[in-house]
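Just below is one structure, and these are the notes that go with it.
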Amino acid sequence: MADHYGKNIPKLGFGLMRLPGKGVGIDVDQTGAMADKFLAAGFTYLDTAFVYPGSEAAAKKAIVDRHPRENFLLASKLNAGIAVTERAAKKQFATSLERSGAGYFDHYLLHALQENNVRRYDKFHLWDFVLDKKEQGLIKHVGFSFHGKPALLDQLLTDHPEVEFVQLQINYADWENPDVVSRANYETARKHDKGVVIMEPVKGGRLADPPEEVKKLFKDYAPDASCASWAIRFAASLDGVITVLSGMSNMEQMENNLSVMGDFKPLNDEEQHIIAQAQKILGNSAAIPCTACHYCTEGCPQSIPIPDIFAAANKQLSGGQMAQAKDAYAAAVKDTGRASDCIACGQCERACPQHIQVIDNLKKCAEMLEK
């Protein structure tokens, strides 16, 4: 394989989508303490986006205002899917720069490309737009994040060889998932000699707490290793990886990831075999494969907390805990829409990067949890 951009970037990235909360906002002090520890350990890659509520502003207060700019790499993203006009789409860049106070972005991505939105990026001339910003020195490296199928990815990388890297959802549970197609997308990116930034390596936290059968596999081999560490190491062991983003929400998660990646060792053959066993087990799971990204909730006319409902349902679907599932569901919908309030408008399914059949699953959740 040819060299790829970013091969010398440390292999753990700090995803700023699931930051610790304080009241209805982000706990900036705790975020700052986590970032301090992250940077002190020699890691540099920080990832935010225009559509992550409060994230860019928190990055300014917790990181940009407190650390020399040359000490970290900041990535943000432009999401054409939420823009009504070309002007509105392009304005996201200026807004992100202002909110983050970064001066420039080390990495800037066109966000969440897939079959149902890719034409909008062409229609709004956003490929040329980000290259123009790069020429101005406001962007150092251009990429895009992707949630579609390999054929589209291959076409995009053929049409846009100027792209320096791709951000893909890769984790061991989705490696052969026909909806997420992690392996096929990864192989497509590498065929074009593009480095890969990995998102969702722990599948929105689900692989930090997998089914008991999977936990036993891991604990029998390495009693002191966390389940999340297996997921992070699987992703980081792949050839061509620039960095693996972990959306850390507390100091414990940060410290665990630093302990694993500070002295990173790729999976050995025996560990790869254990991962293969875990993949077989998870292939039989009835759980809804939601990663709690909340893209689906932004435009829901019924204000249904879809990820929270699915998380509640999964307590029963993957763990057989009906009482706990119903309690979690009641808490999730206390002041919001219920699963049965869905009007099947379809906006959630168009937004879902996991391609989940949200409408059908909400019906199942209502039948299971509202009795």
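Identifiers in the structure tokens: chain A, B, ... in order shown; residue index from 1 per chain; ligand index from 1 in order shown.
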7 Å contact set for segment 182-197 of chain A, only C-alpha atoms, chain neighbours under 2 positions out, as a PyMOL selection string = chain A and resi 1-2+4-6+149-150+154+157+164-170+174-176+180+199+240-244
Report the closest atom pair, with its distance in Å rounded to one decimal, for each residue of segment 100-211 of chain A that has an atom no farther than 12 Å from segment 268-284 of chain A; count only C-alpha atoms, sort by chain and then rising residue number, and write it as a Markdown table.
| residue | atom | partner | partner_atom | distance |
| --- | --- | --- | --- | --- |
| A:Asn171 | CA | A:Gln279 | CA | 10.0 |
| A:Tyr172 | CA | A:Gln279 | CA | 6.6 |
| A:Ala173 | CA | A:Gln279 | CA | 5.6 |
| A:Asp174 | CA | A:Gln279 | CA | 8.3 |
| A:Trp175 | CA | A:Gln279 | CA | 8.2 |
| A:Glu176 | CA | A:Gln279 | CA | 8.8 |
| A:Asn177 | CA | A:Gly283 | CA | 8.3 |
| A:Pro178 | CA | A:Gly283 | CA | 11.0 |
| A:Arg206 | CA | A:Leu282 | CA | 11.1 |
| A:Leu207 | CA | A:Leu282 | CA | 10.0 |
| A:Pro210 | CA | A:Leu282 | CA | 8.4 |
| A:Pro211 | CA | A:Leu282 | CA | 7.9 |
Selection above as a file: N, CA and C atoms, as a PDB file, in the first residue's frame:
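Okay, part-v4.pdb is ready:
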ATOM      1  N   ASN A 171     -16.221  -0.623  13.450  1.00  0.00           N
ATOM      2  CA  ASN A 171     -16.076  -1.334  14.722  1.00  0.00           C
ATOM      3  C   ASN A 171     -16.241  -2.819  14.444  1.00  0.00           C
ATOM      4  N   TYR A 172     -15.813  -3.636  15.383  1.00  0.00           N
ATOM      5  CA  TYR A 172     -15.817  -5.069  15.103  1.00  0.00           C
ATOM      6  C   TYR A 172     -17.225  -5.625  14.956  1.00  0.00           C
ATOM      7  N   ALA A 173     -18.206  -4.999  15.604  1.00  0.00           N
ATOM      8  CA  ALA A 173     -19.583  -5.488  15.500  1.00  0.00           C
ATOM      9  C   ALA A 173     -20.168  -5.232  14.112  1.00  0.00           C
ATOM     10  N   ASP A 174     -19.761  -4.141  13.477  1.00  0.00           N
ATOM     11  CA  ASP A 174     -20.308  -3.766  12.167  1.00  0.00           C
ATOM     12  C   ASP A 174     -19.405  -4.151  11.002  1.00  0.00           C
ATOM     13  N   TRP A 175     -18.369  -4.914  11.268  1.00  0.00           N
ATOM     14  CA  TRP A 175     -17.378  -5.213  10.232  1.00  0.00           C
ATOM     15  C   TRP A 175     -18.028  -5.844   8.991  1.00  0.00           C
ATOM     16  N   GLU A 176     -18.983  -6.745   9.206  1.00  0.00           N
ATOM     17  CA  GLU A 176     -19.686  -7.381   8.091  1.00  0.00           C
ATOM     18  C   GLU A 176     -21.177  -7.037   8.092  1.00  0.00           C
ATOM     19  N   ASN A 177     -21.576  -6.028   8.833  1.00  0.00           N
ATOM     20  CA  ASN A 177     -22.977  -5.605   8.874  1.00  0.00           C
ATOM     21  C   ASN A 177     -23.389  -5.123   7.482  1.00  0.00           C
ATOM     22  N   PRO A 178     -24.413  -5.724   6.864  1.00  0.00           N
ATOM     23  CA  PRO A 178     -24.781  -5.336   5.491  1.00  0.00           C
ATOM     24  C   PRO A 178     -25.332  -3.929   5.383  1.00  0.00           C
ATOM     25  N   ARG A 206     -22.031   1.027  23.005  1.00  0.00           N
ATOM     26  CA  ARG A 206     -22.630  -0.306  23.157  1.00  0.00           C
ATOM     27  C   ARG A 206     -21.581  -1.391  23.342  1.00  0.00           C
ATOM     28  N   LEU A 207     -20.408  -1.216  22.722  1.00  0.00           N
ATOM     29  CA  LEU A 207     -19.376  -2.248  22.846  1.00  0.00           C
ATOM     30  C   LEU A 207     -18.571  -2.111  24.130  1.00  0.00           C
ATOM     31  N   PRO A 210     -21.026  -5.020  26.178  1.00  0.00           N
ATOM     32  CA  PRO A 210     -21.627  -5.993  25.263  1.00  0.00           C
ATOM     33  C   PRO A 210     -22.362  -7.095  26.021  1.00  0.00           C
ATOM     34  N   PRO A 211     -23.022  -7.995  25.324  1.00  0.00           N
ATOM     35  CA  PRO A 211     -23.680  -9.126  25.996  1.00  0.00           C
ATOM     36  C   PRO A 211     -22.704  -9.924  26.862  1.00  0.00           C
TER      37      PRO A 211
END
May I have the residues within 7 Å of Phe14 of chain A as a PyMOL selection string, using only C-alpha atoms and disregarding those fewer than 3 positions away in the same chain?
-> chain A and resi 45-47+245-248
With N, CA and C atoms kept, could you save the residues just selected as a PDB file, in the first residue's frame?
ATOM      1  N   TYR A  45      -5.485  14.880  18.281  1.00  0.00           N
ATOM      2  CA  TYR A  45      -6.608  15.024  17.341  1.00  0.00           C
ATOM      3  C   TYR A  45      -7.928  15.206  18.094  1.00  0.00           C
ATOM      4  N   LEU A  46      -8.582  16.340  17.827  1.00  0.00           N
ATOM      5  CA  LEU A  46      -9.865  16.677  18.452  1.00  0.00           C
ATOM      6  C   LEU A  46     -10.905  16.870  17.357  1.00  0.00           C
ATOM      7  N   ASP A  47     -12.080  16.291  17.549  1.00  0.00           N
ATOM      8  CA  ASP A  47     -13.078  16.267  16.479  1.00  0.00           C
ATOM      9  C   ASP A  47     -14.419  16.827  16.949  1.00  0.00           C
ATOM     10  N   LEU A 245     -11.402   7.850  16.738  1.00  0.00           N
ATOM     11  CA  LEU A 245     -12.120   8.805  17.573  1.00  0.00           C
ATOM     12  C   LEU A 245     -12.925   8.085  18.646  1.00  0.00           C
ATOM     13  N   SER A 246     -12.781   8.528  19.854  1.00  0.00           N
ATOM     14  CA  SER A 246     -13.583   7.999  20.951  1.00  0.00           C
ATOM     15  C   SER A 246     -14.334   9.159  21.588  1.00  0.00           C
ATOM     16  N   GLY A 247     -15.658   9.071  21.583  1.00  0.00           N
ATOM     17  CA  GLY A 247     -16.481  10.127  22.174  1.00  0.00           C
ATOM     18  C   GLY A 247     -16.558   9.967  23.678  1.00  0.00           C
ATOM     19  N   MET A 248     -15.585  10.493  24.365  1.00  0.00           N
ATOM     20  CA  MET A 248     -15.474  10.277  25.819  1.00  0.00           C
ATOM     21  C   MET A 248     -16.316  11.282  26.604  1.00  0.00           C
TER      22      MET A 248
END
Any idea what's packed within 8 Å of segment 62-68 of chain A, counting only C-alpha atoms, ignoring anything in its chain fewer than 3 positions away? Could you give it as a PyMOL selection string?
-> chain A and resi 28-29+31-33+35-36+58-59+71-72+100-102
Leaving out segment 131-140 of chain A and any residue of its chain fewer than 5 positions from it, which residues lie within 8 Å of it when counting only C-alpha atoms, given as an NGL selection string?
-> :A and (103-108)
Would you save the residues of that selection, restricted to N, CA and C atoms, as a PDB file, in the first residue's frame?
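Generated output (result_13.pdb):
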ATOM      1  N   GLY A 103      -9.175  29.917  14.524  1.00  0.00           N
ATOM      2  CA  GLY A 103      -8.353  30.610  13.538  1.00  0.00           C
ATOM      3  C   GLY A 103      -8.275  29.879  12.211  1.00  0.00           C
ATOM      4  N   TYR A 104      -8.169  28.561  12.271  1.00  0.00           N
ATOM      5  CA  TYR A 104      -8.177  27.692  11.100  1.00  0.00           C
ATOM      6  C   TYR A 104      -8.513  26.284  11.582  1.00  0.00           C
ATOM      7  N   PHE A 105      -8.891  25.424  10.660  1.00  0.00           N
ATOM      8  CA  PHE A 105      -9.130  24.027  11.002  1.00  0.00           C
ATOM      9  C   PHE A 105      -8.029  23.169  10.393  1.00  0.00           C
ATOM     10  N   ASP A 106      -7.441  22.328  11.214  1.00  0.00           N
ATOM     11  CA  ASP A 106      -6.429  21.401  10.713  1.00  0.00           C
ATOM     12  C   ASP A 106      -7.062  20.393   9.763  1.00  0.00           C
ATOM     13  N   HIS A 107      -8.271  19.973  10.091  1.00  0.00           N
ATOM     14  CA  HIS A 107      -9.007  19.030   9.254  1.00  0.00           C
ATOM     15  C   HIS A 107     -10.445  19.538   9.137  1.00  0.00           C
ATOM     16  N   TYR A 108     -10.938  19.559   7.927  1.00  0.00           N
ATOM     17  CA  TYR A 108     -12.319  20.002   7.713  1.00  0.00           C
ATOM     18  C   TYR A 108     -12.998  19.008   6.785  1.00  0.00           C
TER      19      TYR A 108
END
Do a neighbour search on Leu317 of chain A at 10 Å with only C-alpha atoms, toss out local chain neighbours closer than 5 positions, and write the hits as a PyMOL selection string.
-> chain A and resi 285-288+310-312+322+325
Go through segment 119-157 of chain A and collect every residue that DSSP, computed from the backbone, puts in strand (DSSP E); the answer should be as a PyMOL selection string.
-> chain A and resi 139-146
Deliver the residues from the most recent selection as a file, using N, CA and C atoms, as a PDB file, in the first residue's frame.
ATOM      1  N   ILE A 139      -8.105  26.092   6.055  1.00  0.00           N
ATOM      2  CA  ILE A 139      -8.206  24.643   6.210  1.00  0.00           C
ATOM      3  C   ILE A 139      -6.855  24.063   5.818  1.00  0.00           C
ATOM      4  N   LYS A 140      -6.342  23.139   6.639  1.00  0.00           N
ATOM      5  CA  LYS A 140      -5.058  22.514   6.314  1.00  0.00           C
ATOM      6  C   LYS A 140      -5.244  21.229   5.504  1.00  0.00           C
ATOM      7  N   HIS A 141      -6.264  20.433   5.863  1.00  0.00           N
ATOM      8  CA  HIS A 141      -6.471  19.151   5.191  1.00  0.00           C
ATOM      9  C   HIS A 141      -7.969  18.909   5.025  1.00  0.00           C
ATOM     10  N   VAL A 142      -8.365  18.432   3.844  1.00  0.00           N
ATOM     11  CA  VAL A 142      -9.775  18.258   3.490  1.00  0.00           C
ATOM     12  C   VAL A 142     -10.136  16.779   3.435  1.00  0.00           C
ATOM     13  N   GLY A 143     -11.293  16.460   4.004  1.00  0.00           N
ATOM     14  CA  GLY A 143     -11.807  15.092   3.947  1.00  0.00           C
ATOM     15  C   GLY A 143     -13.315  15.091   3.974  1.00  0.00           C
ATOM     16  N   PHE A 144     -13.900  13.912   4.105  1.00  0.00           N
ATOM     17  CA  PHE A 144     -15.345  13.832   4.306  1.00  0.00           C
ATOM     18  C   PHE A 144     -15.665  12.608   5.155  1.00  0.00           C
ATOM     19  N   SER A 145     -16.759  12.700   5.901  1.00  0.00           N
ATOM     20  CA  SER A 145     -17.245  11.545   6.651  1.00  0.00           C
ATOM     21  C   SER A 145     -18.341  10.883   5.833  1.00  0.00           C
ATOM     22  N   PHE A 146     -18.477   9.571   5.983  1.00  0.00           N
ATOM     23  CA  PHE A 146     -19.271   8.799   5.037  1.00  0.00           C
ATOM     24  C   PHE A 146     -20.106   7.744   5.748  1.00  0.00           C
TER      25      PHE A 146
END
Run DSSP on the backbone of this structure and report the residues of segment 171-318 of chain A it assigns to alpha helix (DSSP H), as a VMD selection string.
-> chain A and resid 182 to 191 212 to 221 227 to 236 251 to 261 269 to 282 306 to 317
Can those selected residues be exported to a file as a tab-separated table (two decimals), in the first residue's frame so that it contains C-alpha atoms?
chain	number	residue	atom	x	y	z
A	182	SER	CA	-17.57	-1.32	7.58
A	183	ARG	CA	-15.13	-3.73	5.94
A	184	ALA	CA	-16.15	-2.95	2.37
A	185	ASN	CA	-16.00	0.81	2.91
A	186	TYR	CA	-12.63	0.52	4.64
A	187	GLU	CA	-11.23	-1.55	1.78
A	188	THR	CA	-12.57	0.95	-0.76
A	189	ALA	CA	-10.83	3.84	0.98
A	190	ARG	CA	-7.56	1.93	1.13
A	191	LYS	CA	-7.85	0.98	-2.55
A	212	GLU	CA	-22.41	-11.29	28.84
A	213	GLU	CA	-21.16	-13.98	26.46
A	214	VAL	CA	-18.87	-11.45	24.79
A	215	LYS	CA	-17.70	-10.06	28.13
A	216	LYS	CA	-16.72	-13.55	29.23
A	217	LEU	CA	-14.64	-14.07	26.09
A	218	PHE	CA	-12.68	-10.91	26.77
A	219	LYS	CA	-12.33	-11.36	30.52
A	220	ASP	CA	-11.18	-14.97	30.22
A	221	TYR	CA	-8.28	-13.83	28.05
A	227	CYS	CA	-14.49	-4.26	26.86
A	228	ALA	CA	-14.13	-0.81	25.30
A	229	SER	CA	-10.37	-1.32	25.00
A	230	TRP	CA	-10.93	-4.35	22.77
A	231	ALA	CA	-13.06	-2.23	20.44
A	232	ILE	CA	-10.56	0.63	20.31
A	233	ARG	CA	-7.63	-1.71	19.66
A	234	PHE	CA	-9.50	-3.55	16.91
A	235	ALA	CA	-10.01	-0.28	15.06
A	236	ALA	CA	-6.50	1.04	15.68
A	251	MET	CA	-12.57	11.23	33.06
A	252	GLU	CA	-12.80	7.49	33.69
A	253	GLN	CA	-13.31	6.85	29.98
A	254	MET	CA	-10.43	9.17	29.13
A	255	GLU	CA	-8.07	7.48	31.57
A	256	ASN	CA	-9.05	4.01	30.34
A	257	ASN	CA	-8.43	4.96	26.71
A	258	LEU	CA	-5.11	6.61	27.53
A	259	SER	CA	-3.97	3.53	29.44
A	260	VAL	CA	-4.69	1.39	26.39
A	261	MET	CA	-3.48	3.70	23.62
A	269	ASP	CA	-3.53	-13.51	16.24
A	270	GLU	CA	-5.17	-14.98	19.33
A	271	GLU	CA	-6.94	-11.70	20.10
A	272	GLN	CA	-8.13	-11.45	16.50
A	273	HIS	CA	-9.64	-14.90	16.88
A	274	ILE	CA	-11.44	-13.80	20.04
A	275	ILE	CA	-12.81	-10.77	18.18
A	276	ALA	CA	-14.07	-13.11	15.44
A	277	GLN	CA	-15.92	-15.14	18.09
A	278	ALA	CA	-17.45	-11.95	19.50
A	279	GLN	CA	-18.59	-10.95	16.01
A	280	LYS	CA	-20.45	-14.24	15.63
A	281	ILE	CA	-22.19	-13.76	18.96
A	282	LEU	CA	-23.23	-10.18	18.16
A	306	ILE	CA	-35.64	7.96	19.64
A	307	PRO	CA	-32.14	6.94	20.86
A	308	ASP	CA	-33.30	6.92	24.49
A	309	ILE	CA	-36.28	4.75	23.59
A	310	PHE	CA	-34.08	2.32	21.70
A	311	ALA	CA	-31.60	2.19	24.60
A	312	ALA	CA	-34.48	1.32	26.92
A	313	ALA	CA	-35.78	-1.37	24.56
A	314	ASN	CA	-32.30	-2.90	24.26
A	315	LYS	CA	-32.32	-3.67	27.96
A	316	GLN	CA	-34.94	-6.27	27.11
A	317	LEU	CA	-33.85	-7.16	23.58
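Using only C-alpha atoms, the residues found no farther than 9 Å from Ala89 of chain A, other than those of its own chain fewer than 4 positions away, are Leu78, Asn79, Ala80, Gly81, Ile82, Ala83, Val84, Thr85, Phe93, Phe124 and Leu126 of chain A.
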Check the smallest atom-to-atom distance from each of A:Gly13, A:Gly204, A:Pro301, A:Gly262 to Asp341 of chain A using only C-alpha atoms, then report the winner.
-> A:Pro301
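Atom CA of Gly42 of chain A to atom CA of Arg69 of chain A spans 14.5 Å [interatomic distance, one decimal].
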Please build the interface table for segment 117-219 of chain A against segment 346-362 of chain A with a cut-off of 8 Å, listing for each qualifying residue the nearest atom pair and the distance in Å to one decimal; count only C-alpha atoms, order rows by chain and increasing number, and write it as a Markdown table.
| residue | atom | partner | partner_atom | distance |
| --- | --- | --- | --- | --- |
| A:His147 | CA | A:Pro353 | CA | 5.5 |
| A:Gly148 | CA | A:Pro353 | CA | 7.9 |
| A:Asp179 | CA | A:His355 | CA | 6.4 |
| A:Val180 | CA | A:Gln354 | CA | 6.2 |
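The gap separating atom CA of Ile26 of chain A from atom CA of Pro53 of chain A is 9.0 Å, in Å to one decimal.
Counting only C-alpha atoms, the residue from A:Ala57, A:Ala330, A:Leu12, A:Val163 that sits nearest to Thr95 of chain A is A:Ala57.
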To one decimal in Å, tell me the separation between atom CA of Gln30 of chain A and atom CA of Glu56 of chain A.
->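 One can read the atom CA of Gln30 of chain A to atom CA of Glu56 of chain A distance as 15.3 Å.
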